[in-house]
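Structure file data09.txt (compact mmCIF, C-alpha atoms) is printed below.
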# COMPACT_ATOMS: atom_id res chain seq x y z
CA MET M 38 9.34 -6.85 -31.33
CA LEU M 39 12.00 -5.45 -29.03
CA GLY M 40 10.69 -3.40 -26.13
CA LEU M 41 11.83 -0.01 -24.95
CA ASP M 42 13.66 -1.69 -22.05
CA ILE M 43 16.63 -2.34 -24.38
CA PHE M 44 17.39 1.39 -24.22
CA ARG M 45 17.49 1.45 -20.41
CA PRO M 46 21.32 1.06 -20.24
CA PHE M 47 21.60 4.37 -22.13
CA GLY M 48 19.06 6.29 -20.03
CA PRO M 49 18.66 7.19 -16.38
CA PRO M 50 18.68 4.33 -13.86
CA PRO M 51 15.33 2.94 -12.67
CA ARG M 52 13.77 4.95 -9.84
CA SER M 53 13.97 2.05 -7.41
CA ARG M 54 17.73 1.63 -7.86
CA GLY M 55 19.73 3.52 -5.28
CA ALA M 56 16.60 5.31 -4.07
CA ARG M 57 16.45 7.47 -0.99
CA ALA M 58 13.20 5.93 0.17
CA VAL M 59 10.63 6.43 2.90
CA VAL M 60 8.34 3.46 3.58
CA THR M 61 5.44 3.77 6.02
CA GLY M 62 4.06 0.69 7.71
CA ALA M 63 7.53 -0.81 7.29
CA GLY M 64 7.32 -2.85 10.48
CA SER M 65 5.75 -5.90 8.81
CA GLY M 66 4.06 -7.30 5.74
CA ILE M 67 4.29 -5.50 2.42
CA GLY M 68 6.04 -2.53 3.99
CA ARG M 69 8.85 -4.67 5.34
CA ALA M 70 9.12 -6.42 1.97
CA PHE M 71 9.40 -3.07 0.18
CA ALA M 72 12.18 -2.01 2.54
CA HIS M 73 14.15 -5.22 2.00
CA GLU M 74 13.78 -5.07 -1.76
CA LEU M 75 14.88 -1.45 -1.89
CA ALA M 76 17.96 -2.30 0.15
CA ALA M 77 18.76 -5.09 -2.31
CA ARG M 78 18.52 -2.51 -5.10
CA GLY M 79 21.14 -0.32 -3.48
CA GLY M 80 18.79 2.07 -1.72
CA ARG M 81 18.70 3.71 1.67
CA ILE M 82 15.44 3.48 3.56
CA VAL M 83 13.68 5.21 6.42
CA CYS M 84 11.48 2.46 7.85
CA ALA M 85 8.54 4.21 9.50
CA ASP M 86 5.92 2.47 11.60
CA ILE M 87 3.60 3.32 14.47
CA ASP M 88 5.23 0.44 16.36
CA GLU M 89 8.81 1.51 16.96
CA ASP M 90 9.92 -2.01 17.89
CA ARG M 91 8.62 -3.41 14.61
CA ALA M 92 10.42 -0.69 12.67
CA ALA M 93 13.63 -1.54 14.52
CA GLU M 94 13.15 -5.24 13.71
CA THR M 95 12.89 -4.41 10.02
CA VAL M 96 16.04 -2.31 10.17
CA ALA M 97 17.89 -5.07 12.04
CA SER M 98 16.85 -7.71 9.51
CA ILE M 99 18.01 -5.50 6.63
CA GLY M 100 21.25 -4.71 8.45
CA ARG M 101 22.28 -8.35 8.58
CA GLU M 102 22.81 -8.26 4.80
CA TYR M 103 23.00 -4.55 4.04
CA PRO M 104 24.40 -2.76 7.10
CA GLY M 105 23.92 0.94 7.57
CA VAL M 106 21.30 1.55 4.86
CA ALA M 107 18.06 1.52 6.90
CA TYR M 108 16.84 3.77 9.70
CA PRO M 109 13.88 3.17 12.05
CA PHE M 110 11.39 5.92 12.78
CA ARG M 111 8.18 5.97 14.79
CA CYS M 112 5.36 7.64 12.88
CA ASP M 113 1.58 7.64 13.20
CA VAL M 114 0.56 8.51 9.64
CA ALA M 115 -2.89 9.61 10.84
CA LYS M 116 -1.18 12.58 12.49
CA ARG M 117 -0.03 15.26 10.07
CA ASP M 118 2.67 16.54 12.43
CA ASP M 119 4.20 13.06 12.64
CA VAL M 120 4.51 12.88 8.85
CA GLU M 121 6.02 16.39 8.73
CA VAL M 122 8.68 15.27 11.20
CA LEU M 123 9.21 12.08 9.19
CA ALA M 124 9.94 14.11 6.04
CA ARG M 125 12.44 16.30 7.87
CA TYR M 126 14.09 13.27 9.47
CA ALA M 127 14.49 11.62 6.06
CA GLU M 128 16.14 14.74 4.70
CA SER M 129 18.57 14.75 7.60
CA VAL M 130 19.70 11.14 7.20
CA PHE M 131 19.79 11.32 3.41
CA ASP M 132 21.43 14.76 3.27
CA GLY M 133 18.70 15.67 0.83
CA PRO M 134 15.05 14.93 0.05
CA ALA M 135 13.64 11.44 -0.36
CA THR M 136 13.37 10.35 -3.99
CA LEU M 137 10.82 7.56 -3.42
CA VAL M 138 7.90 7.61 -0.98
CA ILE M 139 5.83 4.48 -0.35
CA ASN M 140 2.60 5.28 1.49
CA ASN M 141 1.88 1.78 2.67
CA ALA M 142 0.65 1.96 6.27
CA GLY M 143 -2.88 0.67 6.70
CA VAL M 144 -5.33 -1.29 8.84
CA GLY M 145 -8.12 -3.77 8.17
CA SER M 146 -11.76 -3.10 8.91
CA GLY M 147 -15.01 -4.93 8.24
CA GLY M 148 -18.03 -6.79 9.54
CA PRO M 149 -21.02 -4.51 10.25
CA PRO M 150 -23.05 -2.88 7.46
CA VAL M 151 -23.28 0.88 7.04
CA GLY M 152 -25.36 2.28 9.87
CA GLU M 153 -23.83 -0.12 12.38
CA ILE M 154 -20.14 0.58 11.83
CA GLY M 155 -19.94 3.47 14.25
CA PHE M 156 -18.16 6.77 13.79
CA ALA M 157 -15.17 5.72 15.87
CA GLU M 158 -14.39 2.91 13.42
CA TRP M 159 -14.89 5.20 10.43
CA GLU M 160 -12.48 7.71 11.94
CA ARG M 161 -9.90 5.04 12.84
CA THR M 162 -9.94 3.40 9.42
CA LEU M 163 -10.03 6.54 7.30
CA GLY M 164 -7.54 8.28 9.57
CA ILE M 165 -4.89 5.70 8.68
CA ASN M 166 -5.92 4.27 5.31
CA LEU M 167 -6.92 7.53 3.61
CA TRP M 168 -5.63 10.48 5.64
CA GLY M 169 -2.33 8.68 6.18
CA VAL M 170 -1.82 8.57 2.42
CA ILE M 171 -3.07 12.14 1.99
CA HIS M 172 -0.55 13.32 4.58
CA GLY M 173 2.26 11.46 2.82
CA CYS M 174 1.36 12.84 -0.60
CA GLU M 175 0.66 16.42 0.49
CA ILE M 176 3.88 16.64 2.50
CA PHE M 177 6.28 14.85 0.15
CA ALA M 178 4.93 16.01 -3.24
CA PRO M 179 6.37 19.55 -2.97
CA ARG M 180 9.75 18.09 -2.09
CA LEU M 181 9.66 15.83 -5.14
CA ARG M 182 8.62 18.75 -7.36
CA GLU M 183 11.55 20.78 -6.07
CA ALA M 184 13.94 17.90 -6.70
CA GLY M 185 12.48 17.43 -10.19
CA HIS M 186 12.50 13.65 -10.10
CA GLY M 187 11.41 10.65 -8.04
CA GLY M 188 8.25 8.74 -7.36
CA ILE M 189 5.34 7.94 -5.07
CA ILE M 190 3.83 4.50 -4.57
CA ASN M 191 0.48 4.39 -2.78
CA VAL M 192 -0.80 1.07 -1.47
CA ALA M 193 -4.54 0.73 -2.04
CA SER M 194 -6.37 -2.56 -2.50
CA ALA M 195 -8.67 -4.39 -4.90
CA ALA M 196 -11.30 -3.30 -2.36
CA ALA M 197 -10.98 0.15 -3.98
CA PHE M 198 -13.00 -1.13 -6.92
CA GLY M 199 -14.31 -4.46 -5.61
CA THR M 200 -16.51 -2.68 -3.01
CA ALA M 201 -17.62 -5.84 -1.23
CA PRO M 202 -20.51 -5.43 1.25
CA ARG M 203 -19.70 -5.08 4.95
CA MET M 204 -16.35 -3.42 4.21
CA ALA M 205 -17.59 0.14 3.74
CA ALA M 206 -14.94 1.98 5.77
CA TYR M 207 -12.10 -0.02 4.23
CA ASN M 208 -13.51 0.24 0.70
CA THR M 209 -14.03 3.98 1.01
CA GLY M 210 -10.50 4.63 2.22
CA LYS M 211 -8.89 2.53 -0.49
CA ALA M 212 -11.10 4.01 -3.23
CA GLY M 213 -9.91 7.43 -2.08
CA VAL M 214 -6.29 6.30 -2.35
CA LEU M 215 -6.93 5.09 -5.91
CA ALA M 216 -8.57 8.39 -6.93
CA LEU M 217 -5.82 10.41 -5.26
CA SER M 218 -3.11 8.43 -7.07
CA GLU M 219 -4.76 8.83 -10.47
CA THR M 220 -5.16 12.57 -9.87
CA MET M 221 -1.51 12.96 -8.90
CA ALA M 222 -0.37 10.96 -11.93
CA ALA M 223 -2.19 13.47 -14.13
CA GLU M 224 -0.73 16.40 -12.23
CA PHE M 225 2.81 15.01 -12.55
CA GLY M 226 2.34 14.22 -16.24
CA GLY M 227 5.27 15.35 -18.38
CA THR M 228 7.65 15.41 -15.40
CA ASP M 229 10.20 12.93 -14.14
CA ILE M 230 8.01 12.07 -11.16
CA ALA M 231 6.01 8.83 -11.38
CA VAL M 232 2.98 7.74 -9.38
CA THR M 233 1.97 4.11 -8.93
CA VAL M 234 -0.98 2.67 -7.03
CA LEU M 235 -0.95 -0.95 -5.86
CA CYS M 236 -4.29 -2.81 -5.71
CA PRO M 237 -3.80 -6.39 -4.48
CA THR M 238 -6.26 -8.92 -3.09
CA PHE M 239 -4.86 -11.68 -0.87
CA VAL M 240 -1.33 -11.22 0.45
CA ARG M 241 0.19 -13.53 3.06
CA THR M 242 0.35 -11.07 5.95
CA ASN M 243 -1.27 -10.44 9.34
CA ILE M 244 -3.87 -7.79 8.53
CA ALA M 245 -6.88 -10.09 8.93
CA ARG M 246 -5.51 -11.44 12.20
CA ASP M 247 -5.11 -7.88 13.50
CA ALA M 248 -8.44 -6.55 12.22
CA PRO M 249 -11.21 -5.75 14.77
CA VAL M 250 -13.69 -8.40 13.58
CA PRO M 251 -15.14 -11.52 15.27
CA ALA M 252 -12.73 -14.41 15.87
CA GLY M 253 -14.37 -16.84 13.43
CA PRO M 254 -14.32 -14.61 10.36
CA ARG M 255 -10.89 -13.31 11.28
CA GLU M 256 -9.45 -16.82 11.42
CA LEU M 257 -11.12 -17.78 8.12
CA ALA M 258 -9.76 -14.71 6.36
CA ASP M 259 -6.29 -15.31 7.77
CA THR M 260 -6.38 -18.93 6.57
CA LEU M 261 -7.47 -17.91 3.07
CA MET M 262 -4.64 -15.40 2.86
CA ARG M 263 -2.02 -17.87 3.90
CA TRP M 264 -3.18 -20.58 1.52
CA THR M 265 -4.07 -18.50 -1.55
CA GLY M 266 -2.26 -15.18 -1.10
CA PHE M 267 0.83 -13.92 -2.85
CA SER M 268 3.96 -13.37 -0.78
CA PRO M 269 4.72 -9.78 0.29
CA GLU M 270 8.13 -10.15 -1.35
CA SER M 271 6.68 -10.93 -4.77
CA ILE M 272 4.22 -8.04 -4.46
CA ALA M 273 7.02 -5.62 -3.57
CA ARG M 274 9.24 -6.73 -6.46
CA THR M 275 6.39 -6.58 -8.96
CA THR M 276 5.33 -3.12 -7.81
CA LEU M 277 8.82 -1.62 -7.85
CA ASP M 278 9.48 -3.05 -11.32
CA ALA M 279 6.19 -1.58 -12.54
CA HIS M 280 7.02 1.77 -10.96
CA ASP M 281 10.37 1.76 -12.76
CA ARG M 282 8.48 1.33 -16.03
CA GLY M 283 6.19 4.24 -15.19
CA ARG M 284 3.03 2.20 -14.72
CA LEU M 285 0.18 3.84 -12.81
CA HIS M 286 -1.92 0.80 -11.83
CA VAL M 287 -0.50 -2.42 -10.41
CA VAL M 288 -3.18 -5.10 -10.10
CA PRO M 289 -0.94 -8.12 -9.54
CA GLN M 290 -3.34 -11.04 -9.08
CA LEU M 291 -5.72 -12.72 -11.48
CA ASP M 292 -8.71 -12.44 -9.16
CA ALA M 293 -8.12 -8.70 -8.77
CA GLN M 294 -7.80 -8.30 -12.53
CA LEU M 295 -11.08 -10.17 -13.02
CA LEU M 296 -12.84 -7.92 -10.49
CA TRP M 297 -11.41 -4.87 -12.26
CA LEU M 298 -12.73 -6.08 -15.63
CA LEU M 299 -16.17 -7.18 -14.44
CA LYS M 300 -16.78 -3.97 -12.50
CA ARG M 301 -16.05 -1.88 -15.57
CA LEU M 302 -17.92 -3.99 -18.11
CA PHE M 303 -21.00 -4.76 -16.00
CA PRO M 304 -21.15 -2.23 -13.12
CA GLY M 305 -24.84 -2.62 -12.31
CA GLN M 306 -24.87 -6.39 -12.51
CA TYR M 307 -21.65 -6.61 -10.50
CA THR M 308 -23.14 -4.64 -7.61
CA ALA M 309 -26.40 -6.60 -7.70
CA VAL M 310 -24.60 -9.95 -7.57
CA ALA M 311 -22.29 -8.77 -4.76
CA GLY M 312 -25.31 -7.73 -2.72
CA LEU M 313 -27.12 -11.01 -3.38
CA LEU M 314 -24.11 -13.07 -2.30
CA ALA M 315 -23.77 -11.02 0.86
CA ARG M 316 -27.42 -11.61 1.75
CA LEU M 317 -27.06 -15.35 1.22
CA LEU M 318 -24.15 -15.59 3.64
CA PRO M 319 -24.65 -15.86 7.40
CA ASP M 320 -23.64 -12.68 9.20
CA GLU M 321 -20.41 -14.17 10.54
CA GLU M 322 -19.33 -15.38 7.11
CA ALA M 323 -20.17 -12.03 5.54
CA ALA M 324 -17.95 -10.37 8.09
CA ALA M 325 -15.11 -12.53 6.79
CA SER M 326 -14.98 -10.24 3.80
CA VAL M 327 -12.17 -8.43 5.63
CA THR M 328 -9.42 -9.87 3.44
CA PRO M 329 -7.19 -6.99 2.39
CA GLU M 330 -3.40 -6.98 2.68
CA ARG M 331 -1.59 -6.25 5.93
CA THR M 332 0.14 -2.95 5.32
CA GLY M 333 2.06 -2.23 8.46
CA VAL M 334 0.36 -0.14 11.12
Do you think you could lay out the structure here as structure tokens?
Amino acid sequence: MLGLDIFRPFGPPPRSRGARAVVTGAGSGIGRAFAHELAARGGRIVCADIDEDRAAETVASIGREYPGVAYPFRCDVAKRDDVEVLARYAESVFDGPATLVINNAGVGSGGPPVGEIGFAEWERTLGINLWGVIHGCEIFAPRLREAGHGGIINVASAAAFGTAPRMAAYNTGKAGVLALSETMAAEFGGTDIAVTVLCPTFVRTNIARDAPVPAGPRELADTLMRWTGFSPESIARTTLDAHDRGRLHVVPQLDAQLLWLLKRLFPGQYTAVAGLLARLLPDEEAAASVTPERTGV
């Protein structure tokens, strides 16, 4: 049977084509891949990152093939004022509001169990992974409503529903991003504004290498990502294509899809088995459960 895509030539263009986009955590990993893919689709992109040099590197790499379409901007998404300034900057370079916002910036966290994590690590992780996305949604959503069209892509993780032991701060932040995205999708229902939430597992990036965990587990996680993970470029393309089709959830890998299914069919058994496996592992190996995607900050 022919799909609805055959009517696309007679309707509005896909949201990702020619978008006026803001990408946070655009200095590396999935964020950089999103920025490159949007440029290839005829878009203009504000590449925001807490590391100004990394943002400039992304813009320079885009400029070699698509000159003049990307703009670097330093932004700490954990700070509401920074995101306010980012929104105003985007409006100035685009001569109008952004039509696509990708809340991608994030950090890895894992190792100690709850009770040994420490409030500083909770605040660091949730400040970026959850509050960073909240800031992006709360600040850009009114602008999208006023424009009457556009989209938001929030980068979560399979950790949002996988809830592996010894990743409490990371899991909690990503679960919040998932819930926020689903809520916004309901609120934007019936409008021309789409919301998509990305929930990957292994992606070949640097997040495990940069995470504040012991060297052994960090190296193991980084090795697993590089040997078994999807490329950031394939994740970006898949997510943008799904967003164009109006899909809410993007769970791109088979292992993530299996976790999603098992958690929903057998929630009690899933949690019991996860806890048993964590107890069987030595502490250092359990800490290696920090295996989420590198998302830019």
For CA of Asn140 (chain M) and CA of Gly188 (chain M), quote the distance in Å rounded to one decimal. 11.1 Å
Any idea what's packed within 9 Å of Arg274 (chain M), counting only C-alpha atoms, ignoring anything in its chain fewer than 6 positions away? Could you give it as a VMD selection string? chain M and resid 70 to 71 74 to 75
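From CA of Gly283 (chain M) back to CA of Ile67 (chain M), the distance works out to 20.2 Å.
Note that the spacing between CA of Tyr307 (chain M) and CA of Gly199 (chain M) amounts to 9.1 Å.
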Given only C-alpha atoms as the basis, pick out the residue of M:Thr209, M:Thr238, M:Asn191, M:Ser65 nearest to Ala93 (chain M). M:Ser65
Pick the closest to Leu235 (chain M) from M:Ala311, M:Met204, M:Ala127, M:Ile190: which is it, counting all atoms listed in the file? M:Ile190
Which of M:Thr61, M:Gln306, M:Thr95, M:Ser146 sits closest to Leu123 (chain M) [using all atoms listed in the file]: M:Thr61
Of the candidates M:Ala135, M:Ala205, M:Ala223, M:Ile176, which one gets nearest to Glu158 (chain M) if we count all atoms listed in the file? M:Ala205
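Take the candidates M:Ala293, M:Pro51, M:His286, M:His186 and check each one against Ala216 (chain M) using only C-alpha atoms; the shortest distance goes to M:His286.
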Residue neighbourhood Ala76 (chain M), 12 Å, all atoms listed in the file, exclusion window fewer than 3 positions, as a VMD selection string: chain M and resid 53 to 60 69 to 73 79 to 84 95 to 96 98 to 108 274
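For the set M:Val232, M:Ala97, M:Val144, M:Ala212, the residue with the smallest atom-to-atom gap to Cys174 (chain M) is M:Val232, counting all atoms listed in the file.
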